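Dumped target-v5.cif below, it's mmCIF, C-alpha atoms:
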```
data_run
#
loop_
_atom_site.label_atom_id
_atom_site.label_comp_id
_atom_site.auth_asym_id
_atom_site.auth_seq_id
_atom_site.Cartn_x
_atom_site.Cartn_y
_atom_site.Cartn_z
CA MET A 1 0.00 0.00 0.00
CA ASN A 2 2.76 2.46 0.95
CA ALA A 3 4.58 1.67 -2.30
CA LEU A 4 1.65 3.23 -4.20
CA ARG A 5 1.87 6.52 -2.34
CA LYS A 6 3.43 9.48 -4.11
CA ASP A 7 6.08 11.49 -2.35
CA TRP A 8 5.99 15.30 -2.23
CA ASN A 9 8.22 15.70 -5.28
CA GLU A 10 6.00 13.45 -7.39
CA ILE A 11 2.90 15.33 -6.26
CA LYS A 12 4.52 18.67 -7.10
CA THR A 13 5.44 17.47 -10.59
CA ASN A 14 1.98 16.07 -11.27
CA ASP A 15 0.33 19.27 -10.02
CA SER A 16 2.49 21.38 -12.32
CA TRP A 17 1.51 19.38 -15.40
CA ALA A 18 -2.16 19.44 -14.37
CA ILE A 19 -2.15 23.22 -14.88
CA PHE A 20 -1.94 22.66 -18.66
CA LYS A 21 -4.94 20.33 -18.60
CA ILE A 22 -6.90 22.90 -16.58
CA MET A 23 -5.94 25.66 -19.01
CA SER A 24 -7.01 23.57 -21.99
CA GLU A 25 -10.45 22.97 -20.45
CA PHE A 26 -10.93 26.71 -19.88
CA VAL A 27 -9.79 27.61 -23.41
CA GLU A 28 -12.01 25.06 -25.11
CA GLY A 29 -14.97 25.99 -22.93
CA TYR A 30 -14.60 29.72 -23.58
CA GLU A 31 -14.13 29.33 -27.33
CA ARG A 32 -17.09 27.00 -27.84
CA MET A 33 -19.52 28.72 -25.47
CA ALA A 34 -18.83 32.22 -26.80
CA ARG A 35 -20.54 31.26 -30.08
CA ILE A 36 -23.82 30.18 -28.51
CA GLY A 37 -25.46 33.37 -27.22
CA PRO A 38 -27.78 34.00 -24.23
CA CYS A 39 -28.48 30.87 -22.20
CA ILE A 40 -30.24 29.77 -19.02
CA SER A 41 -28.68 27.04 -16.87
CA ILE A 42 -30.99 24.34 -15.52
CA PHE A 43 -29.67 22.48 -12.48
CA GLY A 44 -31.16 19.34 -10.94
CA SER A 45 -30.71 15.71 -10.01
CA ALA A 46 -29.22 13.08 -12.30
CA ARG A 47 -31.38 10.50 -10.52
CA THR A 48 -34.80 11.89 -11.49
CA LYS A 49 -36.75 9.42 -13.64
CA GLU A 50 -38.75 10.29 -16.74
CA GLU A 51 -42.08 9.62 -15.01
CA ASN A 52 -41.25 12.08 -12.19
CA LYS A 53 -43.26 15.31 -12.23
CA TYR A 54 -40.09 17.39 -12.01
CA TYR A 55 -38.63 15.70 -15.11
CA GLN A 56 -41.74 16.62 -17.06
CA LEU A 57 -41.76 20.13 -15.60
CA SER A 58 -38.12 20.60 -16.63
CA ILE A 59 -39.00 19.73 -20.23
CA GLU A 60 -41.80 22.29 -20.18
CA ILE A 61 -39.64 25.04 -18.66
CA ALA A 62 -36.76 24.44 -21.07
CA GLU A 63 -39.08 24.35 -24.07
CA LYS A 64 -40.71 27.66 -23.11
CA LEU A 65 -37.37 29.31 -22.39
CA ALA A 66 -36.08 28.12 -25.77
CA LYS A 67 -39.12 29.60 -27.48
CA SER A 68 -38.36 32.87 -25.66
CA GLY A 69 -34.95 32.93 -27.32
CA TYR A 70 -32.68 31.38 -24.71
CA GLY A 71 -30.32 28.47 -25.14
CA ILE A 72 -30.36 25.87 -22.36
CA ILE A 73 -27.25 24.72 -20.49
CA THR A 74 -27.33 21.61 -18.32
CA GLY A 75 -24.75 19.32 -16.79
CA GLY A 76 -25.26 17.07 -19.79
CA GLY A 77 -26.19 13.92 -17.90
CA PRO A 78 -29.40 11.98 -17.20
CA GLY A 79 -32.38 12.97 -15.06
CA ILE A 80 -33.26 16.66 -14.83
CA MET A 81 -30.31 17.45 -17.09
CA GLU A 82 -31.67 15.21 -19.82
CA ALA A 83 -35.10 16.78 -19.42
CA GLY A 84 -33.64 20.28 -19.80
CA ASN A 85 -31.80 19.38 -23.00
CA ARG A 86 -34.85 17.55 -24.28
CA GLY A 87 -37.03 20.62 -23.73
CA ALA A 88 -34.45 22.85 -25.43
CA GLN A 89 -34.53 20.77 -28.59
CA LYS A 90 -38.30 20.56 -28.44
CA GLY A 91 -38.46 24.35 -28.30
CA GLY A 92 -35.99 24.80 -31.15
CA GLY A 93 -33.28 26.34 -28.98
CA LYS A 94 -29.60 25.68 -28.38
CA SER A 95 -29.07 22.60 -26.21
CA VAL A 96 -25.76 22.60 -24.35
CA GLY A 97 -24.29 19.88 -22.13
CA LEU A 98 -21.35 20.42 -19.78
CA ASN A 99 -20.41 16.86 -18.90
CA ILE A 100 -18.20 15.85 -15.98
CA ASP A 101 -16.20 12.63 -15.82
CA LEU A 102 -17.55 10.67 -12.83
CA PRO A 103 -17.28 7.01 -11.78
CA PHE A 104 -21.10 6.71 -11.54
CA GLU A 105 -24.34 8.35 -12.69
CA GLN A 106 -22.88 10.63 -15.35
CA PHE A 107 -23.15 9.90 -19.05
CA HIS A 108 -24.14 12.41 -21.69
CA ASN A 109 -27.77 12.37 -22.80
CA LYS A 110 -28.92 12.20 -26.42
CA TYR A 111 -30.64 15.60 -26.47
CA ILE A 112 -27.48 17.74 -26.54
CA ASP A 113 -26.53 19.49 -29.78
CA ARG A 114 -23.49 17.67 -31.14
CA GLU A 115 -21.39 20.83 -31.37
CA SER A 116 -22.41 21.89 -27.85
CA ASN A 117 -21.39 18.76 -25.95
CA LEU A 118 -18.39 19.66 -23.75
CA ASN A 119 -16.51 17.33 -21.40
CA PHE A 120 -14.63 18.27 -18.23
CA ASP A 121 -12.41 16.52 -15.71
CA TYR A 122 -12.52 19.39 -13.21
CA PHE A 123 -15.68 20.46 -11.39
CA PHE A 124 -14.39 23.98 -10.78
CA VAL A 125 -13.70 24.60 -14.49
CA ARG A 126 -17.18 23.33 -15.34
CA LYS A 127 -18.77 25.62 -12.76
CA VAL A 128 -16.98 28.67 -14.16
CA ILE A 129 -18.36 27.86 -17.62
CA PHE A 130 -21.85 27.35 -16.17
CA VAL A 131 -21.81 30.77 -14.54
CA LYS A 132 -19.95 32.79 -17.16
CA TYR A 133 -22.34 31.98 -19.98
CA SER A 134 -25.65 31.89 -18.09
CA GLN A 135 -28.15 34.73 -18.03
CA GLY A 136 -30.15 32.97 -15.33
CA PHE A 137 -30.42 29.84 -13.23
CA VAL A 138 -33.42 27.53 -12.96
CA VAL A 139 -32.90 25.15 -10.06
CA MET A 140 -34.95 21.97 -9.96
CA PRO A 141 -34.94 19.48 -7.06
CA GLY A 142 -31.56 17.82 -6.69
CA GLY A 143 -28.85 16.63 -4.36
CA PHE A 144 -25.48 17.91 -3.15
CA GLY A 145 -24.32 18.88 -6.65
CA THR A 146 -27.45 20.96 -7.22
CA MET A 147 -27.01 22.68 -3.85
CA ASP A 148 -23.38 23.40 -4.72
CA GLU A 149 -24.37 25.03 -8.01
CA LEU A 150 -27.21 27.00 -6.42
CA PHE A 151 -25.13 28.49 -3.61
CA GLU A 152 -22.19 29.12 -5.94
CA ALA A 153 -24.45 31.28 -8.12
CA ILE A 154 -25.99 33.12 -5.16
CA THR A 155 -22.58 33.75 -3.56
CA LEU A 156 -21.17 35.24 -6.76
CA ILE A 157 -24.21 37.49 -7.12
CA GLN A 158 -24.10 38.50 -3.43
CA THR A 159 -20.41 39.40 -3.61
CA LYS A 160 -20.88 41.15 -6.99
CA LYS A 161 -18.33 38.93 -8.66
CA ILE A 162 -20.96 38.52 -11.38
CA THR A 163 -23.81 40.80 -12.38
CA LYS A 164 -27.22 40.08 -10.92
CA ARG A 165 -29.03 37.19 -12.57
CA PRO A 166 -32.47 35.63 -11.97
CA VAL A 167 -32.33 32.55 -9.74
CA VAL A 168 -35.53 30.49 -9.79
CA LEU A 169 -36.13 27.53 -7.47
CA VAL A 170 -38.85 25.29 -8.91
CA GLY A 171 -41.01 23.26 -6.53
CA LYS A 172 -42.27 24.91 -3.36
CA GLU A 173 -42.81 21.53 -1.71
CA TYR A 174 -39.12 20.71 -2.20
CA TRP A 175 -37.50 24.08 -1.53
CA SER A 176 -39.70 25.73 1.13
CA GLY A 177 -37.89 24.04 4.05
CA LEU A 178 -34.49 25.26 2.87
CA VAL A 179 -35.72 28.79 2.15
CA ASP A 180 -37.46 28.97 5.54
CA TRP A 181 -34.23 27.89 7.28
CA VAL A 182 -32.23 30.52 5.41
CA GLN A 183 -34.79 33.17 6.40
CA LYS A 184 -35.28 32.20 10.04
CA VAL A 185 -31.87 30.85 11.06
CA MET A 186 -29.23 32.20 8.68
CA LEU A 187 -30.80 35.68 8.44
CA GLU A 188 -33.05 36.42 11.43
CA LYS A 189 -31.34 34.39 14.18
CA GLU A 190 -27.65 34.44 13.27
CA HIS A 191 -27.52 37.52 10.97
CA ASN A 192 -25.12 35.76 8.60
CA ILE A 193 -26.67 37.36 5.52
CA SER A 194 -28.44 40.65 4.85
CA PRO A 195 -32.23 41.04 4.32
CA ASP A 196 -31.60 42.16 0.74
CA ASP A 197 -29.88 38.84 0.01
CA MET A 198 -33.25 37.08 0.10
CA ARG A 199 -34.18 38.96 -3.06
CA PHE A 200 -31.58 37.04 -5.04
CA LEU A 201 -33.95 34.12 -5.54
CA THR A 202 -37.61 33.25 -5.95
CA VAL A 203 -39.56 30.01 -5.50
CA VAL A 204 -42.24 28.98 -8.02
CA ASP A 205 -44.32 25.93 -8.88
CA THR A 206 -45.10 26.21 -12.59
CA ALA A 207 -43.24 26.56 -15.87
CA ASP A 208 -45.10 29.76 -16.71
CA GLU A 209 -44.05 31.34 -13.40
CA ALA A 210 -40.41 30.38 -13.95
CA VAL A 211 -40.28 31.74 -17.50
CA LYS A 212 -42.16 34.91 -16.54
CA TYR A 213 -39.67 35.63 -13.75
CA VAL A 214 -36.77 35.38 -16.20
CA ASP A 215 -38.54 37.42 -18.88
CA ASP A 216 -39.60 40.11 -16.39
CA PHE A 217 -36.03 40.40 -15.12
CA TYR A 218 -34.73 41.15 -18.60
CA LYS A 219 -37.30 43.85 -19.21
CA THR A 220 -35.17 46.00 -16.88
CA HIS A 221 -31.70 44.42 -17.28
CA ASP A 222 -29.38 43.99 -20.26
CA LEU A 223 -28.38 40.58 -21.55
CA SER A 224 -24.60 40.32 -21.22
CA PRO A 225 -21.92 37.75 -20.42
CA ASN A 226 -20.73 37.47 -16.82
CA PHE A 227 -17.25 38.45 -15.54
#
```
Hey, can you dump this file as structure tokens for me?
Amino acid sequence: MNALRKDWNEIKTNDSWAIFKIMSEFVEGYERMARIGPCISIFGSARTKEENKYYQLSIEIAEKLAKSGYGIITGGGPGIMEAGNRGAQKGGGKSVGLNIDLPFEQFHNKYIDRESNLNFDYFFVRKVIFVKYSQGFVVMPGGFGTMDELFEAITLIQTKKITKRPVVLVGKEYWSGLVDWVQKVMLEKEHNISPDDMRFLTVVDTADEAVKYVDDFYKTHDLSPNF
């Protein structure tokens, strides 16, 4: 077992060469995404089955956003991601998949435009691409990865590292407990955020509400890339 361990010099060498792989992922991501135009990212679980109401709702939201002129970016895998790409193609919009190499769950779905199927080894590179080229975030029910993407987006908006973007949580039954905790504990009890921070997101139940929130936002804000 010890024979398989790398010493500090080996780790240092490997880390140095990894920089080039990281750079190549950023360069490819930037070059390919810059051609696509305004997009909305849809986040959600890879485990959601086709018969699930949130899968069907994701198709409807993505289709309506596509018909409103937005491309759709997902994580490129199954579940909610597949539903988002499926809805994008159904609505005649750009369908983008940002795939991550994982030992389980992740494989690219068949509803991604061939030229818009990107693959990443590094989560942090993938998240930068998600945020940089998204004009809004629609967050469906999901697990740890979905929470990571949601709070990444909110943190960057809160700290003004990116311009304000609409963040829509879909499914009051799923999200109300989390939002209540943020309001009552994080804000009111511990004062770890400001009251204005609660305005960075909204919770809805229907596709029409989600699309309207995005459309209404861009009646008073310009469409522009982040960063």
For this session: Please measure the separation of CA of Gly136 in chain A and CA of Leu57 in chain A, giving the value in Å to one decimal.
Result: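 If I compute the distance from CA of Gly136 in chain A to CA of Leu57 in chain A, I get 17.3 Å.
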For this session: Please provide as a list in words all residues within 8 Å of range 109-117 of chain A, with the sequence filter that same-chain residues fewer than 6 positions apart are discarded (counting only C-alpha atoms).
Result: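 Those residues are Arg32, Met33, Gly76, Gly77, Pro78, Glu82, Asn85, Arg86, Gln89, Lys94, Ser95, Val96, Gly97, Leu98 and Asn99 of chain A.
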Exercise. Care to translate the PyMOL selection byres ((chain A and resi 207) around 12) into actual residues of this file, as a count of residues only?
Worked result: 32
Exercise. Which residue, A:Thr163, A:Ser176, A:Thr155, A:Ser45, has the smallest gap to Tyr133 in chain A when you use all atoms listed in the file?
Worked result: A:Thr163
Exercise. Between CA of Leu118 in chain A and CA of Ile100 in chain A, what is the spacing in Å?
Worked result: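 Computing it gives 8.7 Å between the two atoms.
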For this session: On this file, the PyMOL selection byres ((chain A and resi 124) around 12) gives some set of residues; write that set as a PyMOL selection string.
Result: chain A and resi 22-23+25-26+98+100+120-123+125-131+145+148-149+152
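Note on the selection: in this file the PyMOL selection byres ((chain A and resi 162) around 10) comes out as Val131, Lys132, Ala153, Ile154, Thr155, Leu156, Ile157, Gln158, Thr159, Lys160, Lys161, Thr163, Lys164, Arg165, Pro225, Asn226 and Phe227 of chain A.
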